[in-house]
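upload-v4.pdb, holding PDB, N, CA and C atoms:
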ATOM      1  N   MET A   1      55.678  70.492  78.758
ATOM      2  CA  MET A   1      56.827  71.269  79.115
ATOM      3  C   MET A   1      56.393  72.703  79.412
ATOM      4  N   LYS A   2      56.804  73.223  80.561
ATOM      5  CA  LYS A   2      56.431  74.576  80.949
ATOM      6  C   LYS A   2      57.299  75.597  80.236
ATOM      7  N   SER A   3      56.683  76.712  79.911
ATOM      8  CA  SER A   3      57.464  77.791  79.309
ATOM      9  C   SER A   3      58.076  78.636  80.425
ATOM     10  N   ALA A   4      59.097  79.372  80.056
ATOM     11  CA  ALA A   4      59.766  80.231  81.023
ATOM     12  C   ALA A   4      58.814  81.325  81.475
ATOM     13  N   PRO A   5      58.906  81.729  82.759
ATOM     14  CA  PRO A   5      58.024  82.802  83.221
ATOM     15  C   PRO A   5      58.312  84.096  82.471
ATOM     16  N   ARG A   6      57.279  84.862  82.244
ATOM     17  CA  ARG A   6      57.428  86.123  81.526
ATOM     18  C   ARG A   6      58.068  87.171  82.420
ATOM     19  N   SER A   7      58.902  87.963  81.830
ATOM     20  CA  SER A   7      59.540  89.065  82.538
ATOM     21  C   SER A   7      58.516  90.159  82.808
ATOM     22  N   ARG A   8      58.657  90.841  83.926
ATOM     23  CA  ARG A   8      57.761  91.947  84.255
ATOM     24  C   ARG A   8      58.317  93.273  83.746
ATOM     25  N   ARG A   9      59.418  93.217  83.061
ATOM     26  CA  ARG A   9      60.027  94.438  82.553
ATOM     27  C   ARG A   9      59.195  95.014  81.421
ATOM     28  N   PRO A  10      59.121  96.336  81.358
ATOM     29  CA  PRO A  10      58.383  96.949  80.253
ATOM     30  C   PRO A  10      59.063  96.651  78.924
ATOM     31  N   LEU A  11      58.271  96.585  77.880
ATOM     32  CA  LEU A  11      58.821  96.310  76.561
ATOM     33  C   LEU A  11      59.585  97.515  76.054
ATOM     34  N   ARG A  12      60.730  97.262  75.438
ATOM     35  CA  ARG A  12      61.535  98.326  74.840
ATOM     36  C   ARG A  12      61.846  97.914  73.421
ATOM     37  N   SER A  13      62.165  98.891  72.643
ATOM     38  CA  SER A  13      62.592  98.624  71.281
ATOM     39  C   SER A  13      63.929  97.891  71.321
ATOM     40  N   PRO A  14      64.115  96.892  70.466
ATOM     41  CA  PRO A  14      65.400  96.182  70.447
ATOM     42  C   PRO A  14      66.574  97.111  70.143
ATOM     43  N   SER A  15      66.307  98.238  69.505
ATOM     44  CA  SER A  15      67.393  99.152  69.179
ATOM     45  C   SER A  15      67.667 100.162  70.290
ATOM     46  N   ALA A  16      66.837 100.164  71.337
ATOM     47  CA  ALA A  16      67.049 101.090  72.454
ATOM     48  C   ALA A  16      68.311 100.690  73.215
ATOM     49  N   PRO A  17      69.065 101.675  73.686
ATOM     50  CA  PRO A  17      70.284 101.345  74.428
ATOM     51  C   PRO A  17      69.954 100.674  75.759
ATOM     52  N   ALA A  18      70.840  99.809  76.205
ATOM     53  CA  ALA A  18      70.667  99.168  77.510
ATOM     54  C   ALA A  18      70.669 100.248  78.583
ATOM     55  N   ARG A  19      69.751 100.120  79.523
ATOM     56  CA  ARG A  19      69.649 101.057  80.647
ATOM     57  C   ARG A  19      70.395 100.441  81.824
ATOM     58  N   LEU A  20      71.484 101.072  82.211
ATOM     59  CA  LEU A  20      72.314 100.528  83.276
ATOM     60  C   LEU A  20      72.305 101.433  84.492
ATOM     61  N   ILE A  21      72.452 100.813  85.648
ATOM     62  CA  ILE A  21      72.626 101.581  86.869
ATOM     63  C   ILE A  21      74.072 101.391  87.307
ATOM     64  N   GLY A  22      74.737 102.484  87.573
ATOM     65  CA  GLY A  22      76.126 102.436  87.988
ATOM     66  C   GLY A  22      76.239 102.162  89.476
ATOM     67  N   TYR A  23      77.333 101.525  89.857
ATOM     68  CA  TYR A  23      77.599 101.276  91.271
ATOM     69  C   TYR A  23      79.050 101.620  91.561
ATOM     70  N   ALA A  24      79.245 102.452  92.585
ATOM     71  CA  ALA A  24      80.586 102.858  93.010
ATOM     72  C   ALA A  24      80.711 102.592  94.509
ATOM     73  N   ARG A  25      81.931 102.272  94.934
ATOM     74  CA  ARG A  25      82.164 101.977  96.348
ATOM     75  C   ARG A  25      83.582 102.355  96.724
ATOM     76  N   VAL A  26      83.732 102.907  97.913
ATOM     77  CA  VAL A  26      85.044 103.096  98.521
ATOM     78  C   VAL A  26      84.959 102.533  99.930
ATOM     79  N   SER A  27      86.070 101.938 100.386
ATOM     80  CA  SER A  27      86.091 101.293 101.693
ATOM     81  C   SER A  27      86.333 102.263 102.835
ATOM     82  N   THR A  28      87.174 103.252 102.599
ATOM     83  CA  THR A  28      87.573 104.143 103.683
ATOM     84  C   THR A  28      87.497 105.597 103.249
ATOM     85  N   GLU A  29      87.471 106.472 104.229
ATOM     86  CA  GLU A  29      87.499 107.904 103.936
ATOM     87  C   GLU A  29      88.801 108.267 103.227
ATOM     88  N   ASP A  30      89.914 107.631 103.629
ATOM     89  CA  ASP A  30      91.204 107.908 102.999
ATOM     90  C   ASP A  30      91.168 107.514 101.527
ATOM     91  N   GLN A  31      90.580 106.361 101.236
ATOM     92  CA  GLN A  31      90.469 105.923  99.848
ATOM     93  C   GLN A  31      89.579 106.885  99.066
ATOM     94  N   ALA A  32      88.544 107.382  99.711
ATOM     95  CA  ALA A  32      87.651 108.327  99.044
ATOM     96  C   ALA A  32      88.404 109.595  98.654
ATOM     97  N   ALA A  33      89.334 110.017  99.520
ATOM     98  CA  ALA A  33      90.073 111.254  99.273
ATOM     99  C   ALA A  33      91.292 111.053  98.387
ATOM    100  N   HIS A  34      91.986 109.910  98.536
ATOM    101  CA  HIS A  34      93.275 109.745  97.861
ATOM    102  C   HIS A  34      93.352 108.552  96.918
ATOM    103  N   GLY A  35      92.374 107.692  96.952
ATOM    104  CA  GLY A  35      92.397 106.526  96.072
ATOM    105  C   GLY A  35      91.527 106.783  94.862
ATOM    106  N   VAL A  36      90.767 105.790  94.483
ATOM    107  CA  VAL A  36      89.818 105.949  93.384
ATOM    108  C   VAL A  36      88.547 106.499  94.017
ATOM    109  N   SER A  37      88.459 107.820  94.089
ATOM    110  CA  SER A  37      87.360 108.477  94.793
ATOM    111  C   SER A  37      86.014 108.187  94.135
ATOM    112  N   LEU A  38      84.977 108.434  94.891
ATOM    113  CA  LEU A  38      83.634 108.290  94.327
ATOM    114  C   LEU A  38      83.446 109.235  93.155
ATOM    115  N   ASP A  39      84.008 110.423  93.271
ATOM    116  CA  ASP A  39      83.922 111.392  92.177
ATOM    117  C   ASP A  39      84.566 110.834  90.897
ATOM    118  N   ALA A  40      85.752 110.255  91.051
ATOM    119  CA  ALA A  40      86.449 109.676  89.893
ATOM    120  C   ALA A  40      85.671 108.490  89.325
ATOM    121  N   GLN A  41      85.113 107.671  90.196
ATOM    122  CA  GLN A  41      84.328 106.529  89.722
ATOM    123  C   GLN A  41      83.091 106.998  88.965
ATOM    124  N   ARG A  42      82.403 108.023  89.504
ATOM    125  CA  ARG A  42      81.232 108.569  88.812
ATOM    126  C   ARG A  42      81.602 109.036  87.413
ATOM    127  N   HIS A  43      82.683 109.783  87.331
ATOM    128  CA  HIS A  43      83.134 110.320  86.041
ATOM    129  C   HIS A  43      83.429 109.180  85.056
ATOM    130  N   ARG A  44      84.145 108.158  85.517
ATOM    131  CA  ARG A  44      84.512 107.047  84.636
ATOM    132  C   ARG A  44      83.288 106.218  84.230
ATOM    133  N   LEU A  45      82.333 106.032  85.148
ATOM    134  CA  LEU A  45      81.108 105.301  84.810
ATOM    135  C   LEU A  45      80.336 106.034  83.709
ATOM    136  N   ARG A  46      80.204 107.358  83.859
ATOM    137  CA  ARG A  46      79.496 108.146  82.843
ATOM    138  C   ARG A  46      80.218 108.098  81.500
ATOM    139  N   ALA A  47      81.542 108.247  81.550
ATOM    140  CA  ALA A  47      82.331 108.239  80.310
ATOM    141  C   ALA A  47      82.209 106.898  79.595
ATOM    142  N   PHE A  48      82.273 105.797  80.336
ATOM    143  CA  PHE A  48      82.165 104.473  79.727
ATOM    144  C   PHE A  48      80.778 104.268  79.119
ATOM    145  N   ALA A  49      79.739 104.635  79.887
ATOM    146  CA  ALA A  49      78.372 104.470  79.374
ATOM    147  C   ALA A  49      78.179 105.278  78.097
ATOM    148  N   ASP A  50      78.657 106.512  78.089
ATOM    149  CA  ASP A  50      78.550 107.346  76.889
ATOM    150  C   ASP A  50      79.299 106.727  75.709
ATOM    151  N   ALA A  51      80.525 106.275  75.965
ATOM    152  CA  ALA A  51      81.359 105.714  74.894
ATOM    153  C   ALA A  51      80.744 104.446  74.299
ATOM    154  N   MET A  52      80.054 103.669  75.124
ATOM    155  CA  MET A  52      79.488 102.408  74.660
ATOM    156  C   MET A  52      78.034 102.536  74.204
ATOM    157  N   GLY A  53      77.456 103.710  74.361
ATOM    158  CA  GLY A  53      76.077 103.920  73.925
ATOM    159  C   GLY A  53      75.029 103.404  74.891
ATOM    160  N   PHE A  54      75.374 103.261  76.164
ATOM    161  CA  PHE A  54      74.412 102.829  77.182
ATOM    162  C   PHE A  54      73.718 104.045  77.777
ATOM    163  N   GLU A  55      72.536 103.836  78.291
ATOM    164  CA  GLU A  55      71.844 104.878  79.048
ATOM    165  C   GLU A  55      72.120 104.618  80.522
ATOM    166  N   LEU A  56      72.754 105.556  81.184
ATOM    167  CA  LEU A  56      73.043 105.430  82.609
ATOM    168  C   LEU A  56      71.873 106.060  83.362
ATOM    169  N   VAL A  57      71.056 105.222  83.989
ATOM    170  CA  VAL A  57      69.834 105.708  84.634
ATOM    171  C   VAL A  57      70.078 106.225  86.046
ATOM    172  N   GLY A  58      71.259 105.999  86.571
ATOM    173  CA  GLY A  58      71.600 106.470  87.908
ATOM    174  C   GLY A  58      72.901 105.849  88.364
ATOM    175  N   ILE A  59      73.414 106.383  89.458
ATOM    176  CA  ILE A  59      74.616 105.825  90.073
ATOM    177  C   ILE A  59      74.351 105.715  91.565
ATOM    178  N   GLU A  60      74.530 104.535  92.096
ATOM    179  CA  GLU A  60      74.408 104.303  93.539
ATOM    180  C   GLU A  60      75.809 104.196  94.120
ATOM    181  N   GLU A  61      76.012 104.763  95.309
ATOM    182  CA  GLU A  61      77.342 104.821  95.911
ATOM    183  C   GLU A  61      77.326 104.379  97.364
ATOM    184  N   ASP A  62      78.227 103.480  97.711
ATOM    185  CA  ASP A  62      78.462 103.100  99.102
ATOM    186  C   ASP A  62      79.801 103.682  99.512
ATOM    187  N   GLN A  63      79.786 104.594 100.475
ATOM    188  CA  GLN A  63      81.013 105.218 100.958
ATOM    189  C   GLN A  63      81.383 104.614 102.304
ATOM    190  N   GLY A  64      82.645 104.206 102.438
ATOM    191  CA  GLY A  64      83.123 103.653 103.695
ATOM    192  C   GLY A  64      82.602 102.250 103.976
ATOM    193  N   VAL A  65      82.335 101.489 102.923
ATOM    194  CA  VAL A  65      81.820 100.123 103.071
ATOM    195  C   VAL A  65      82.811  99.156 102.435
ATOM    196  N   SER A  66      83.280  98.214 103.208
ATOM    197  CA  SER A  66      84.231  97.222 102.712
ATOM    198  C   SER A  66      83.607  96.334 101.656
ATOM    199  N   GLY A  67      84.424  95.905 100.717
ATOM    200  CA  GLY A  67      83.980  94.960  99.705
ATOM    201  C   GLY A  67      83.727  93.580 100.269
ATOM    202  N   LYS A  68      84.112  93.354 101.519
ATOM    203  CA  LYS A  68      83.864  92.067 102.178
ATOM    204  C   LYS A  68      82.458  91.993 102.771
ATOM    205  N   VAL A  69      81.795  93.154 102.884
ATOM    206  CA  VAL A  69      80.433  93.194 103.412
ATOM    207  C   VAL A  69      79.493  92.583 102.373
ATOM    208  N   ALA A  70      78.608  91.715 102.827
ATOM    209  CA  ALA A  70      77.679  91.038 101.922
ATOM    210  C   ALA A  70      76.837  92.059 101.155
ATOM    211  N   PRO A  71      76.555  91.786  99.882
ATOM    212  CA  PRO A  71      75.785  92.727  99.058
ATOM    213  C   PRO A  71      74.464  93.163  99.682
ATOM    214  N   ASP A  72      73.767  92.260 100.346
ATOM    215  CA  ASP A  72      72.472  92.629 100.926
ATOM    216  C   ASP A  72      72.605  93.513 102.161
ATOM    217  N   ARG A  73      73.830  93.754 102.615
ATOM    218  CA  ARG A  73      74.071  94.632 103.758
ATOM    219  C   ARG A  73      74.648  95.976 103.330
ATOM    220  N   ARG A  74      74.652  96.230 102.022
ATOM    221  CA  ARG A  74      75.133  97.507 101.491
ATOM    222  C   ARG A  74      73.946  98.265 100.912
ATOM    223  N   PRO A  75      73.612  99.406 101.506
ATOM    224  CA  PRO A  75      72.401 100.130 101.085
ATOM    225  C   PRO A  75      72.379 100.501  99.603
ATOM    226  N   ALA A  76      73.458 101.049  99.083
ATOM    227  CA  ALA A  76      73.454 101.504  97.688
ATOM    228  C   ALA A  76      73.396 100.326  96.719
ATOM    229  N   LEU A  77      74.139  99.270  96.998
ATOM    230  CA  LEU A  77      74.088  98.101  96.120
ATOM    231  C   LEU A  77      72.699  97.475  96.159
ATOM    232  N   SER A  78      72.098  97.450  97.330
ATOM    233  CA  SER A  78      70.733  96.928  97.441
ATOM    234  C   SER A  78      69.762  97.744  96.598
ATOM    235  N   ARG A  79      69.897  99.075  96.627
ATOM    236  CA  ARG A  79      69.026  99.930  95.799
ATOM    237  C   ARG A  79      69.250  99.667  94.314
ATOM    238  N   ALA A  80      70.509  99.478  93.919
ATOM    239  CA  ALA A  80      70.811  99.205  92.512
ATOM    240  C   ALA A  80      70.171  97.886  92.070
ATOM    241  N   LEU A  81      70.249  96.879  92.906
ATOM    242  CA  LEU A  81      69.662  95.576  92.563
ATOM    243  C   LEU A  81      68.143  95.650  92.496
ATOM    244  N   VAL A  82      67.538  96.453  93.370
ATOM    245  CA  VAL A  82      66.080  96.655  93.316
ATOM    246  C   VAL A  82      65.704  97.318  92.000
ATOM    247  N   ALA A  83      66.489  98.283  91.554
ATOM    248  CA  ALA A  83      66.214  98.960  90.278
ATOM    249  C   ALA A  83      66.224  97.967  89.118
ATOM    250  N   ILE A  84      67.151  97.016  89.162
ATOM    251  CA  ILE A  84      67.216  96.000  88.107
ATOM    252  C   ILE A  84      66.026  95.052  88.198
ATOM    253  N   ARG A  85      65.749  94.572  89.403
ATOM    254  CA  ARG A  85      64.642  93.624  89.577
ATOM    255  C   ARG A  85      63.288  94.236  89.217
ATOM    256  N   SER A  86      63.145  95.534  89.456
ATOM    257  CA  SER A  86      61.865  96.196  89.181
ATOM    258  C   SER A  86      61.732  96.628  87.722
ATOM    259  N   GLY A  87      62.804  96.458  86.937
ATOM    260  CA  GLY A  87      62.741  96.809  85.526
ATOM    261  C   GLY A  87      63.124  98.242  85.222
ATOM    262  N   ASN A  88      63.581  98.985  86.224
ATOM    263  CA  ASN A  88      64.011 100.369  85.994
ATOM    264  C   ASN A  88      65.413 100.450  85.402
ATOM    265  N   ALA A  89      66.129  99.344  85.412
ATOM    266  CA  ALA A  89      67.448  99.242  84.784
ATOM    267  C   ALA A  89      67.589  97.830  84.247
ATOM    268  N   ASP A  90      68.403  97.689  83.203
ATOM    269  CA  ASP A  90      68.616  96.378  82.595
ATOM    270  C   ASP A  90      69.818  95.647  83.179
ATOM    271  N   GLY A  91      70.733  96.391  83.767
ATOM    272  CA  GLY A  91      71.941  95.760  84.293
ATOM    273  C   GLY A  91      72.721  96.717  85.163
ATOM    274  N   LEU A  92      73.813  96.204  85.685
ATOM    275  CA  LEU A  92      74.671  96.923  86.618
ATOM    276  C   LEU A  92      76.003  97.225  85.948
ATOM    277  N   LEU A  93      76.510  98.434  86.161
ATOM    278  CA  LEU A  93      77.798  98.845  85.620
ATOM    279  C   LEU A  93      78.689  99.261  86.776
ATOM    280  N   THR A  94      79.839  98.632  86.888
ATOM    281  CA  THR A  94      80.827  99.008  87.888
ATOM    282  C   THR A  94      82.188  98.992  87.205
ATOM    283  N   LEU A  95      83.139  99.719  87.772
ATOM    284  CA  LEU A  95      84.445  99.842  87.110
ATOM    285  C   LEU A  95      85.273  98.573  87.184
ATOM    286  N   LYS A  96      85.228  97.903  88.309
ATOM    287  CA  LYS A  96      86.012  96.676  88.504
ATOM    288  C   LYS A  96      85.215  95.743  89.400
ATOM    289  N   LEU A  97      85.462  94.464  89.277
ATOM    290  CA  LEU A  97      84.748  93.506  90.132
ATOM    291  C   LEU A  97      84.988  93.761  91.612
ATOM    292  N   ASP A  98      86.169  94.259  91.977
ATOM    293  CA  ASP A  98      86.419  94.485  93.402
ATOM    294  C   ASP A  98      85.596  95.646  93.955
ATOM    295  N   ARG A  99      85.036  96.492  93.096
ATOM    296  CA  ARG A  99      84.098  97.521  93.570
ATOM    297  C   ARG A  99      82.770  96.861  93.916
ATOM    298  N   LEU A 100      82.435  95.790  93.225
ATOM    299  CA  LEU A 100      81.201  95.058  93.470
ATOM    300  C   LEU A 100      81.323  94.196  94.724
ATOM    301  N   SER A 101      82.411  93.439  94.830
ATOM    302  CA  SER A 101      82.629  92.587  95.999
ATOM    303  C   SER A 101      84.041  92.054  96.011
ATOM    304  N   ARG A 102      84.534  91.761  97.187
ATOM    305  CA  ARG A 102      85.827  91.098  97.352
ATOM    306  C   ARG A 102      85.649  89.585  97.480
ATOM    307  N   SER A 103      84.400  89.146  97.481
ATOM    308  CA  SER A 103      84.097  87.727  97.640
ATOM    309  C   SER A 103      83.640  87.115  96.318
ATOM    310  N   THR A 104      84.351  86.107  95.861
ATOM    311  CA  THR A 104      83.959  85.408  94.644
ATOM    312  C   THR A 104      82.569  84.824  94.796
ATOM    313  N   ARG A 105      82.255  84.277  95.949
ATOM    314  CA  ARG A 105      80.951  83.673  96.200
ATOM    315  C   ARG A 105      79.843  84.734  96.041
ATOM    316  N   ASP A 106      80.060  85.926  96.608
ATOM    317  CA  ASP A 106      79.037  86.974  96.482
ATOM    318  C   ASP A 106      78.851  87.389  95.026
ATOM    319  N   VAL A 107      79.933  87.507  94.268
ATOM    320  CA  VAL A 107      79.826  87.870  92.852
ATOM    321  C   VAL A 107      79.051  86.803  92.097
ATOM    322  N   LEU A 108      79.377  85.541  92.348
ATOM    323  CA  LEU A 108      78.657  84.463  91.669
ATOM    324  C   LEU A 108      77.181  84.421  92.054
ATOM    325  N   ASP A 109      76.887  84.695  93.320
ATOM    326  CA  ASP A 109      75.488  84.713  93.763
ATOM    327  C   ASP A 109      74.711  85.837  93.099
ATOM    328  N   LEU A 110      75.385  86.973  92.890
ATOM    329  CA  LEU A 110      74.704  88.080  92.211
ATOM    330  C   LEU A 110      74.380  87.713  90.786
TER     331      LEU A 110
END

Give the structure from this file in structure tokens form.
Amino acid sequence: MKSAPRSRRPLRSPSAPARLIGYARVSTEDQAAHGVSLDAQRHRLRAFADAMGFELVGIEEDQGVSGKVAPDRRPALSRALVAIRSGNADGLLTLKLDRLSRSTRDVLDL
């Protein structure tokens, strides 16, 4: 029986806080100005990470990108996923699933 492949992530203390990368998205300029702006999302991501004891290693933002656009076609989401795959972050933090994607299939694939 084969063992699971080893992770390439650097070793951390089990008591170290999870290192998360934040992701924020707005679909339109109007939403950026009058809806849940990127500024508001940044503030809420930081507040949540602080309240839960997570280390927020960065925030990636896609401005003017629909949630229907595939994740691999969104520059900021792609950068966030690279950070996770490379071990620079342990996971992704977003305010709501619809900020991540409007497609159930894309969310499940992620």

task = Find the residues with any atom within 6 Å of (72.9, 100.5, 90.6); use only C-alpha atoms and the coordinates as given in the file, and write the answer as a VMD selection string.
result = chain A and resid 21 to 23 59 to 60 80 92

query = Which residues in chain A does DSSP call strand (DSSP E or B)? List them as a PyMOL selection string.
reply = chain A and resi 19-26+55-63+91-93

Next, the residues of the selection above should be written as a CSV table (one decimal), keeping the file's coordinate frame with N, CA and C atoms.
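The file below, part-v3.csv, is the result:
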chain,number,residue,atom,x,y,z
A,19,ARG,N,69.8,100.1,79.5
A,19,ARG,CA,69.6,101.1,80.6
A,19,ARG,C,70.4,100.4,81.8
A,20,LEU,N,71.5,101.1,82.2
A,20,LEU,CA,72.3,100.5,83.3
A,20,LEU,C,72.3,101.4,84.5
A,21,ILE,N,72.5,100.8,85.6
A,21,ILE,CA,72.6,101.6,86.9
A,21,ILE,C,74.1,101.4,87.3
A,22,GLY,N,74.7,102.5,87.6
A,22,GLY,CA,76.1,102.4,88.0
A,22,GLY,C,76.2,102.2,89.5
A,23,TYR,N,77.3,101.5,89.9
A,23,TYR,CA,77.6,101.3,91.3
A,23,TYR,C,79.0,101.6,91.6
A,24,ALA,N,79.2,102.5,92.6
A,24,ALA,CA,80.6,102.9,93.0
A,24,ALA,C,80.7,102.6,94.5
A,25,ARG,N,81.9,102.3,94.9
A,25,ARG,CA,82.2,102.0,96.3
A,25,ARG,C,83.6,102.4,96.7
A,26,VAL,N,83.7,102.9,97.9
A,26,VAL,CA,85.0,103.1,98.5
A,26,VAL,C,85.0,102.5,99.9
A,55,GLU,N,72.5,103.8,78.3
A,55,GLU,CA,71.8,104.9,79.0
A,55,GLU,C,72.1,104.6,80.5
A,56,LEU,N,72.8,105.6,81.2
A,56,LEU,CA,73.0,105.4,82.6
A,56,LEU,C,71.9,106.1,83.4
A,57,VAL,N,71.1,105.2,84.0
A,57,VAL,CA,69.8,105.7,84.6
A,57,VAL,C,70.1,106.2,86.0
A,58,GLY,N,71.3,106.0,86.6
A,58,GLY,CA,71.6,106.5,87.9
A,58,GLY,C,72.9,105.8,88.4
A,59,ILE,N,73.4,106.4,89.5
A,59,ILE,CA,74.6,105.8,90.1
A,59,ILE,C,74.4,105.7,91.6
A,60,GLU,N,74.5,104.5,92.1
A,60,GLU,CA,74.4,104.3,93.5
A,60,GLU,C,75.8,104.2,94.1
A,61,GLU,N,76.0,104.8,95.3
A,61,GLU,CA,77.3,104.8,95.9
A,61,GLU,C,77.3,104.4,97.4
A,62,ASP,N,78.2,103.5,97.7
A,62,ASP,CA,78.5,103.1,99.1
A,62,ASP,C,79.8,103.7,99.5
A,63,GLN,N,79.8,104.6,100.5
A,63,GLN,CA,81.0,105.2,101.0
A,63,GLN,C,81.4,104.6,102.3
A,91,GLY,N,70.7,96.4,83.8
A,91,GLY,CA,71.9,95.8,84.3
A,91,GLY,C,72.7,96.7,85.2
A,92,LEU,N,73.8,96.2,85.7
A,92,LEU,CA,74.7,96.9,86.6
A,92,LEU,C,76.0,97.2,85.9
A,93,LEU,N,76.5,98.4,86.2
A,93,LEU,CA,77.8,98.8,85.6
A,93,LEU,C,78.7,99.3,86.8

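Atom N of Pro17 (chain A) is positioned 8.0 Å from atom C of Glu55 (chain A).
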
request  = Quick one: pick out all alpha helix (DSSP H) residues within chain A from a backbone DSSP run and write them as a ChimeraX atom specification.
outcome  = /A:29-34,38-52,75-85,97-100,104-109

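When only C-alpha atoms are used to compute distances to Asp72 (chain A), the closest of the residues A:Asp109, A:Leu38, A:Arg19, A:Thr28 turns out to be A:Asp109.
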
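Interatomic distance, CA of Glu61 (chain A) against CA of Ser15 (chain A): 29.1 Å.
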
Quick one: what's the axis-aligned box for region 84-92 of chain A, all listed atoms, 5 Å on every side, centre and edges in Å to one decimal, as lines of an AutoDock Vina configuration file?
center_x = 68.9
center_y = 97.0
center_z = 86.1
size_x = 24.3
size_y = 16.8
size_z = 17.0

inquiry  = Give me the residues near Ser66 (chain A) as an MDAnalysis selection string, where near means some atom within 10 Å (using only C-alpha atoms) and where sequence neighbours in that chain fewer than 6 positions away do not count.
reply    = chainID A and resid 25:28 74 98:102

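Nearest residue to Arg42 (chain A), choosing from A:Val57, A:Leu110, A:Ala18, A:Ala24 and counting only C-alpha atoms: A:Ala24.
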
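Closest approach to Leu95 (chain A) among A:Arg44, A:Ala51, A:Val36, A:Ala70 is made by A:Arg44 (distances from only N, CA and C atoms).
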
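A straight line drawn from atom C of Gly67 (chain A) to atom N of Phe54 (chain A) is 27.3 Å long.
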
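Restricting the calculation to only N, CA and C atoms, the smallest distance between Leu56 (chain A) and any of A:Val107, A:Leu20, A:Ala40, A:Leu93 is found for A:Leu20.
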